[in-house]
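Source file upload_33.cif; content: mmCIF, C-alpha atoms.
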```
data_coords
loop_
_atom_site.label_atom_id
_atom_site.label_comp_id
_atom_site.auth_asym_id
_atom_site.auth_seq_id
_atom_site.Cartn_x
_atom_site.Cartn_y
_atom_site.Cartn_z
CA MET Z 1 106.92 75.67 106.46
CA GLU Z 2 107.79 72.73 108.70
CA ARG Z 3 107.37 72.98 112.45
CA VAL Z 4 109.48 71.48 115.20
CA PRO Z 5 107.37 69.51 117.73
CA ILE Z 6 107.60 70.34 121.44
CA LEU Z 7 107.04 67.48 123.91
CA LYS Z 8 106.12 67.91 127.57
CA ILE Z 9 107.73 65.43 129.95
CA GLY Z 10 106.84 66.16 133.57
CA ASP Z 11 108.11 69.65 134.35
CA ILE Z 12 110.27 69.83 131.21
CA LEU Z 13 109.65 70.77 127.60
CA LEU Z 14 111.73 68.69 125.23
CA VAL Z 15 112.54 69.86 121.73
CA SER Z 16 114.44 67.45 119.52
CA ILE Z 17 115.44 69.13 116.28
CA GLN Z 18 115.38 66.42 113.62
CA LEU Z 19 115.33 68.48 110.43
CA ASP Z 20 117.53 70.96 108.62
CA MET Z 21 115.58 74.03 109.75
CA SER Z 22 114.92 77.01 107.54
CA ASP Z 23 115.39 80.35 109.30
CA GLN Z 24 111.63 80.79 109.42
CA THR Z 25 111.17 77.41 111.13
CA ALA Z 26 113.77 78.46 113.73
CA VAL Z 27 111.97 81.73 114.47
CA GLN Z 28 108.65 79.86 114.71
CA LEU Z 29 110.17 77.45 117.24
CA GLN Z 30 111.24 80.41 119.37
CA GLU Z 31 107.66 81.71 119.48
CA ASP Z 32 106.08 78.27 119.98
CA LEU Z 33 108.39 77.54 122.91
CA ALA Z 34 107.64 80.83 124.67
CA GLU Z 35 103.92 80.10 124.40
CA ARG Z 36 104.30 76.53 125.64
CA ILE Z 37 106.40 77.63 128.64
CA VAL Z 38 103.66 80.00 129.74
CA ALA Z 39 100.82 77.58 128.93
CA THR Z 40 102.37 74.63 130.79
CA GLY Z 41 104.28 76.43 133.56
CA CYS Z 42 107.25 74.17 132.88
CA HIS Z 43 110.51 75.18 134.52
CA GLY Z 44 112.91 73.52 132.13
CA VAL Z 45 113.54 73.41 128.39
CA ILE Z 46 115.85 70.90 126.74
CA ILE Z 47 116.83 71.45 123.15
CA ASP Z 48 118.31 68.27 121.74
CA ILE Z 49 120.57 69.03 118.77
CA THR Z 50 122.07 65.53 118.41
CA ALA Z 51 120.68 65.32 114.87
CA LEU Z 52 121.92 68.75 113.75
CA ASP Z 53 124.98 68.51 111.55
CA ILE Z 54 125.61 72.23 111.59
CA VAL Z 55 124.80 75.17 113.84
CA ASP Z 56 125.36 78.44 112.02
CA SER Z 57 125.14 81.97 113.44
CA PHE Z 58 121.38 82.12 112.86
CA VAL Z 59 120.62 78.92 114.77
CA GLY Z 60 123.21 79.89 117.40
CA ARG Z 61 121.43 83.17 117.93
CA MET Z 62 118.09 81.36 118.10
CA LEU Z 63 119.45 79.11 120.89
CA SER Z 64 120.71 82.15 122.85
CA THR Z 65 117.39 83.94 122.37
CA ILE Z 66 115.40 80.91 123.54
CA ALA Z 67 117.60 80.69 126.65
CA SER Z 68 116.99 84.39 127.41
CA ILE Z 69 113.25 84.21 126.78
CA SER Z 70 112.83 81.14 128.97
CA ARG Z 71 114.86 82.73 131.77
CA VAL Z 72 112.47 85.68 131.77
CA LEU Z 73 109.61 83.17 131.91
CA ASP Z 74 111.15 81.34 134.91
CA ALA Z 75 112.47 78.35 132.97
CA GLU Z 76 115.99 77.02 132.53
CA THR Z 77 117.26 76.03 129.07
CA VAL Z 78 119.81 73.32 128.36
CA VAL Z 79 121.15 72.58 124.89
CA ALA Z 80 121.97 68.88 124.71
CA GLY Z 81 123.87 66.60 122.36
CA MET Z 82 126.07 68.94 120.36
CA ARG Z 83 128.32 66.98 118.00
CA PRO Z 84 132.08 67.48 118.38
CA ALA Z 85 132.47 68.76 114.79
CA VAL Z 86 129.69 71.27 115.42
CA ALA Z 87 131.39 72.49 118.61
CA ILE Z 88 134.71 72.96 116.79
CA THR Z 89 133.03 74.84 113.95
CA LEU Z 90 131.01 77.07 116.28
CA VAL Z 91 134.11 78.20 118.12
CA GLU Z 92 135.97 78.93 114.88
CA LEU Z 93 132.96 80.80 113.54
CA GLY Z 94 133.24 83.02 116.61
CA LEU Z 95 130.01 82.03 118.32
CA SER Z 96 130.33 81.58 122.06
CA LEU Z 97 126.69 80.74 122.91
CA ASN Z 98 126.82 83.04 125.92
CA GLY Z 99 124.37 82.29 128.67
CA ILE Z 100 123.53 78.83 127.36
CA ARG Z 101 123.84 75.76 129.53
CA THR Z 102 124.90 72.64 127.68
CA ALA Z 103 124.84 68.93 128.42
CA LEU Z 104 126.33 66.00 126.56
CA ASN Z 105 122.94 64.31 126.21
CA VAL Z 106 119.28 64.70 127.11
CA GLU Z 107 119.55 62.58 130.26
CA ARG Z 108 122.29 64.79 131.70
CA GLY Z 109 120.32 67.83 130.62
CA MET Z 110 117.38 66.64 132.70
CA GLU Z 111 119.64 66.12 135.71
CA LEU Z 112 121.07 69.62 135.26
CA ILE Z 113 117.61 71.17 135.20
CA ALA Z 114 116.44 69.15 138.22
CA ALA Z 115 119.56 70.24 140.16
CA ALA Z 116 119.15 73.90 139.18
CA ARG Z 117 115.50 73.78 140.21
CA ALA Z 118 116.30 72.19 143.58
CA ASP Z 119 118.95 74.87 144.24
CA GLU Z 120 116.52 77.61 143.42
CA LEU Z 121 113.82 76.21 145.72
CA ASP Z 122 116.39 75.93 148.53
CA HIS Z 123 117.31 79.59 148.12
CA GLN Z 124 113.68 80.63 148.13
CA LEU Z 125 113.19 78.78 151.43
CA ASP Z 126 116.35 80.35 152.91
CA ASP Z 127 115.16 83.83 151.97
CA ASP Z 128 111.75 83.39 153.57
CA PRO Z 129 111.92 83.90 157.37
CA ASP Z 130 108.49 82.34 157.94
CA VAL Z 131 109.53 78.99 156.56
CA GLU Z 132 111.37 76.53 158.73
CA THR Z 133 114.27 74.98 156.87
CA ALA Z 134 115.96 71.69 157.50
CA THR Z 135 119.36 73.32 157.93
CA PRO Z 136 120.29 73.64 161.61
CA MET S 1 120.29 61.43 99.25
CA THR S 2 123.03 62.37 96.78
CA ALA S 3 121.47 60.25 94.07
CA GLY S 4 120.54 62.26 91.04
CA ILE S 5 123.32 64.81 91.54
CA ASP S 6 125.88 64.58 88.77
CA LEU S 7 129.01 65.65 90.57
CA GLY S 8 131.12 65.73 87.42
CA HIS S 9 129.67 69.13 86.55
CA PRO S 10 129.19 72.34 88.51
CA GLN S 11 125.95 72.30 90.48
CA ALA S 12 123.84 75.43 90.43
CA GLN S 13 121.22 76.46 92.95
CA ALA S 14 119.18 79.65 93.02
CA ILE S 15 118.94 81.51 96.34
CA ARG S 16 115.57 83.20 96.53
CA SER S 17 114.10 81.95 99.82
CA ASP S 18 114.83 80.46 103.23
CA GLU S 19 114.24 77.01 101.78
CA ASP S 20 116.89 77.65 99.13
CA VAL S 21 119.45 78.31 101.89
CA VAL S 22 118.61 74.83 103.24
CA ARG S 23 119.08 73.40 99.70
CA VAL S 24 122.48 75.09 99.41
CA ARG S 25 123.57 73.42 102.67
CA GLN S 26 122.42 70.02 101.40
CA LEU S 27 124.14 70.46 98.03
CA VAL S 28 127.43 71.57 99.60
CA ARG S 29 127.31 68.66 102.04
CA ALA S 30 126.77 66.15 99.21
CA VAL S 31 129.78 67.52 97.31
CA ALA S 32 131.93 67.71 100.47
CA VAL S 33 131.17 64.03 101.16
CA ALA S 34 131.96 63.15 97.54
CA VAL S 35 135.46 64.68 97.74
CA LYS S 36 135.98 62.91 101.08
CA LEU S 37 136.45 65.92 103.32
CA SER S 38 136.82 64.96 106.99
CA LEU S 39 133.70 65.28 109.13
CA VAL S 40 135.00 68.48 110.76
CA ASP S 41 135.86 70.00 107.37
CA GLN S 42 132.45 69.02 105.98
CA THR S 43 130.85 70.74 108.94
CA LYS S 44 132.99 73.85 108.46
CA VAL S 45 132.34 74.25 104.75
CA VAL S 46 128.60 73.61 105.10
CA THR S 47 128.43 76.16 107.93
CA ALA S 48 130.36 78.72 105.84
CA ALA S 49 128.03 78.06 102.89
CA SER S 50 125.00 78.57 105.12
CA GLU S 51 126.29 81.97 106.30
CA LEU S 52 127.17 83.13 102.79
CA ALA S 53 123.92 81.87 101.24
CA ARG S 54 121.97 83.78 103.89
CA ASN S 55 124.01 86.92 103.12
CA THR S 56 123.23 86.50 99.41
CA LEU S 57 119.54 86.34 100.29
CA VAL S 58 119.36 89.05 102.95
CA TYR S 59 121.90 91.61 101.69
CA GLY S 60 122.13 90.76 97.99
CA GLY S 61 118.40 90.41 97.51
CA GLY S 62 118.85 86.85 96.31
CA GLY S 63 121.16 85.35 93.74
CA ALA S 64 122.70 82.01 92.87
CA VAL S 65 125.33 79.59 94.01
CA GLU S 66 127.55 77.26 92.01
CA VAL S 67 129.33 74.31 93.61
CA THR S 68 132.26 72.63 91.82
CA ILE S 69 134.70 69.87 92.62
CA VAL S 70 138.24 71.13 92.12
CA ASP S 71 141.50 69.20 91.89
CA ASN S 72 144.96 70.74 92.17
CA GLY S 73 146.78 67.51 91.32
CA ARG S 74 147.47 66.66 94.96
CA ARG S 75 144.18 67.26 96.66
CA LYS S 76 140.52 67.55 95.87
CA GLY S 77 138.29 70.28 97.15
CA VAL S 78 134.94 72.01 97.03
CA ARG S 79 134.68 75.42 95.42
CA ILE S 80 131.54 77.48 95.96
CA VAL S 81 130.70 80.74 94.21
CA PHE S 82 127.94 82.98 95.60
CA ALA S 83 126.76 85.71 93.23
CA ASP S 84 124.15 88.39 93.62
CA SER S 85 123.35 91.60 91.78
CA GLY S 86 122.56 93.51 94.95
CA PRO S 87 123.96 96.87 96.07
CA GLY S 88 127.48 95.57 96.77
CA ILE S 89 129.42 96.03 100.01
CA PRO S 90 130.51 99.68 100.44
CA ASP S 91 133.18 99.13 103.10
CA LEU S 92 134.66 95.67 102.72
CA ASP S 93 137.15 95.94 105.62
CA LEU S 94 134.34 96.91 107.96
CA ALA S 95 132.06 94.13 106.65
CA LEU S 96 134.80 91.59 107.35
CA THR S 97 135.12 92.73 110.97
CA ASP S 98 133.73 90.40 113.65
CA GLY S 99 130.55 91.77 115.13
CA TYR S 100 129.85 94.33 112.41
CA THR S 101 126.33 94.05 111.02
CA THR S 102 123.81 96.18 109.17
CA GLY S 103 121.17 93.49 109.14
CA GLY S 104 120.46 92.84 112.80
CA GLY S 105 122.43 89.58 112.87
CA LEU S 106 125.47 88.76 114.93
CA GLY S 107 127.92 90.14 112.38
CA LEU S 108 129.74 86.83 112.15
CA GLY S 109 128.56 85.71 108.71
CA LEU S 110 131.30 87.08 106.47
CA SER S 111 134.20 87.12 108.93
CA GLY S 112 133.24 83.75 110.40
CA ALA S 113 132.78 82.10 107.00
CA ARG S 114 136.25 83.32 105.95
CA ARG S 115 137.80 81.54 108.96
CA LEU S 116 136.05 78.27 108.12
CA VAL S 117 137.43 77.87 104.59
CA ASP S 118 140.92 77.59 103.06
CA GLU S 119 140.52 80.21 100.33
CA PHE S 120 138.24 83.22 100.36
CA GLY S 121 137.84 85.75 97.56
CA ILE S 122 135.41 88.61 97.22
CA GLU S 123 134.60 91.01 94.39
CA THR S 124 132.00 93.64 95.07
CA SER S 125 130.74 96.84 93.49
CA ALA S 126 127.54 98.82 93.39
CA ALA S 127 127.31 98.22 89.64
CA THR S 128 127.80 94.46 89.50
CA GLY S 129 126.82 93.22 92.95
CA THR S 130 128.84 90.81 95.04
CA ARG S 131 130.64 87.63 94.09
CA ILE S 132 132.24 85.51 96.82
CA THR S 133 134.36 82.46 96.02
CA VAL S 134 135.42 80.01 98.74
CA THR S 135 137.37 76.76 98.57
CA LYS S 136 137.87 73.99 101.09
CA TRP S 137 140.55 71.36 100.33
CA SER S 138 140.72 67.79 101.54
CA ARG S 139 143.69 67.02 103.78
#
```
Is it possible to give me this structure as structure tokens?
Amino acid sequence: MERVPILKIGDILLVSIQLDMSDQTAVQLQEDLAERIVATGCHGVIIDITALDIVDSFVGRMLSTIASISRVLDAETVVAGMRPAVAITLVELGLSLNGIRTALNVERGMELIAAARADELDHQLDDDPDVETATP
Amino acid sequence: MTAGIDLGHPQAQAIRSDEDVVRVRQLVRAVAVAVKLSLVDQTKVVTAASELARNTLVYGGGGAVEVTIVDNGRRKGVRIVFADSGPGIPDLDLALTDGYTTGGGLGLGLSGARRLVDEFGIETSAATGTRITVTKWSR
């Protein structure tokens, strides 16, 4: 069985799916990612699907599951680079990819994660009465 | 990539494993490109084939697929037949309902695949298994 590599870039794990995955490879990726999130303490996951020419219900479910797992592990997931034909097909298939953040490309995905992280840190500061915040 | 596939004849592929589902996708794509389906239609028919091949494996206990180029005089198309000798589908209407599943999936395989193709036919019985025929025509 082939395995999808996971790269760590700063605080982000980047997965670029370059092969036509078997279902088993997709399930393996789910498990590998969960382990890497915990091992690295990364707060963001980007799944680049630019090279995928289809997303069927199995891969769609895998993407949703990865997003849910990473949320539980304090990481944000962004799916980047979906092709227009894939988007059209997904909608017609009836898959809504609930709970998944998307970006047009990896760069925008990184910005999205950085912004989400900054927001979250702001809120944590606001909630903590012992911490002085910059807001007047 | 398509070299070595003789598209003048029906192409057969067994479905016995995960990897075979990947092979079905690749075969259907090669034929869809050969009949010059648009990119969106290629994507739709390959996605439908992926769903149905997985059903053949998971629910039918494996089977086979046959991919043929069809021509109705005006347009060309891809016809795909999925056959298994599994237990059949007891309640077809229910199985074609969005969100209905007995296998722990999303329940979009059969109903979703039907939406992605132009023609969809299904014969199923406990005695003979399930045979699904789908066709996608070029525009």
Pull out every residue that the PyMOL selection byres ((chain S) within 8 of (chain Z)) matches in the shown coordinates and put them as a short mmCIF file (atom, residue, chain, number, x, y, z; two decimals) with C-alpha atoms, in the frame of the given file.
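Saved file result.cif follows:
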```
data_model
loop_
_atom_site.label_atom_id
_atom_site.label_comp_id
_atom_site.auth_asym_id
_atom_site.auth_seq_id
_atom_site.Cartn_x
_atom_site.Cartn_y
_atom_site.Cartn_z
CA ASP S 18 114.83 80.46 103.23
CA GLU S 19 114.24 77.01 101.78
CA VAL S 21 119.45 78.31 101.89
CA VAL S 22 118.61 74.83 103.24
CA LEU S 39 133.70 65.28 109.13
CA VAL S 40 135.00 68.48 110.76
CA THR S 43 130.85 70.74 108.94
CA LYS S 44 132.99 73.85 108.46
CA VAL S 46 128.60 73.61 105.10
CA THR S 47 128.43 76.16 107.93
CA ALA S 48 130.36 78.72 105.84
CA SER S 50 125.00 78.57 105.12
CA GLU S 51 126.29 81.97 106.30
CA ASP S 98 133.73 90.40 113.65
CA GLY S 105 122.43 89.58 112.87
CA LEU S 106 125.47 88.76 114.93
CA LEU S 108 129.74 86.83 112.15
CA GLY S 109 128.56 85.71 108.71
CA SER S 111 134.20 87.12 108.93
CA GLY S 112 133.24 83.75 110.40
CA ALA S 113 132.78 82.10 107.00
CA ARG S 115 137.80 81.54 108.96
CA LEU S 116 136.05 78.27 108.12
#
```
Checklist outcome for this item: With distances taken over all atoms listed in the file, the candidate from S:Arg16, S:Arg131, S:Arg79, S:Arg74 nearest Val28 of chain S is S:Arg79
Checklist entry - Expressed in Å to a single decimal, how great is the separation between atom CA of Glu120 of chain Z and atom CA of Leu29 of chain Z? => result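 Atom-to-atom, atom CA of Glu120 of chain Z and atom CA of Leu29 of chain Z are spaced 26.9 Å apart.
Between atom CA of Asp84 of chain S and atom CA of Gly99 of chain S there is a distance of 22.7 Å.
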Please evaluate the PyMOL selection byres ((chain S and resi 12) around 8) against the displayed coordinates and give the resulting residues as a CSV table (one decimal) with C-alpha atoms, in the frame of the given file.
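Now in out14.csv:
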```csv
chain,number,residue,atom,x,y,z
S,10,PRO,CA,129.2,72.3,88.5
S,11,GLN,CA,126.0,72.3,90.5
S,13,GLN,CA,121.2,76.5,93.0
S,14,ALA,CA,119.2,79.6,93.0
S,64,ALA,CA,122.7,82.0,92.9
S,65,VAL,CA,125.3,79.6,94.0
S,66,GLU,CA,127.6,77.3,92.0
S,67,VAL,CA,129.3,74.3,93.6
```
Next on the checklist: Given the point (116.9, 71.3, 122.9) in the coordinates of this file, which residues lie within 7 Å, counting all atoms listed in the file, and how would they look as number ranges by chain?
Outcome noted: Z: 14-16, 45-49, 78-80
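Pairwise distance (atom CA of Ser70 of chain Z, atom CA of Leu33 of chain Z) equals 8.3 Å.
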With the PyMOL selection byres ((chain Z and resi 114) around 12) as the selection, what would be picked from this file? Answer as a PDB file with C-alpha atoms, in the coordinates of the input, please.
```
ATOM      1  CA  GLY Z  10     106.840  66.160 133.570  1.00  0.00           C
ATOM      2  CA  ASP Z  11     108.110  69.650 134.350  1.00  0.00           C
ATOM      3  CA  ILE Z  12     110.270  69.830 131.210  1.00  0.00           C
ATOM      4  CA  CYS Z  42     107.250  74.170 132.880  1.00  0.00           C
ATOM      5  CA  HIS Z  43     110.510  75.180 134.520  1.00  0.00           C
ATOM      6  CA  GLY Z  44     112.910  73.520 132.130  1.00  0.00           C
ATOM      7  CA  VAL Z  45     113.540  73.410 128.390  1.00  0.00           C
ATOM      8  CA  ILE Z  46     115.850  70.900 126.740  1.00  0.00           C
ATOM      9  CA  ALA Z  75     112.470  78.350 132.970  1.00  0.00           C
ATOM     10  CA  GLU Z  76     115.990  77.020 132.530  1.00  0.00           C
ATOM     11  CA  THR Z  77     117.260  76.030 129.070  1.00  0.00           C
ATOM     12  CA  VAL Z  78     119.810  73.320 128.360  1.00  0.00           C
ATOM     13  CA  GLU Z 107     119.550  62.580 130.260  1.00  0.00           C
ATOM     14  CA  ARG Z 108     122.290  64.790 131.700  1.00  0.00           C
ATOM     15  CA  GLY Z 109     120.320  67.830 130.620  1.00  0.00           C
ATOM     16  CA  MET Z 110     117.380  66.640 132.700  1.00  0.00           C
ATOM     17  CA  GLU Z 111     119.640  66.120 135.710  1.00  0.00           C
ATOM     18  CA  LEU Z 112     121.070  69.620 135.260  1.00  0.00           C
ATOM     19  CA  ILE Z 113     117.610  71.170 135.200  1.00  0.00           C
ATOM     20  CA  ALA Z 115     119.560  70.240 140.160  1.00  0.00           C
ATOM     21  CA  ALA Z 116     119.150  73.900 139.180  1.00  0.00           C
ATOM     22  CA  ARG Z 117     115.500  73.780 140.210  1.00  0.00           C
ATOM     23  CA  ALA Z 118     116.300  72.190 143.580  1.00  0.00           C
ATOM     24  CA  ASP Z 119     118.950  74.870 144.240  1.00  0.00           C
ATOM     25  CA  GLU Z 120     116.520  77.610 143.420  1.00  0.00           C
ATOM     26  CA  LEU Z 121     113.820  76.210 145.720  1.00  0.00           C
TER      27      LEU Z 121
END
```
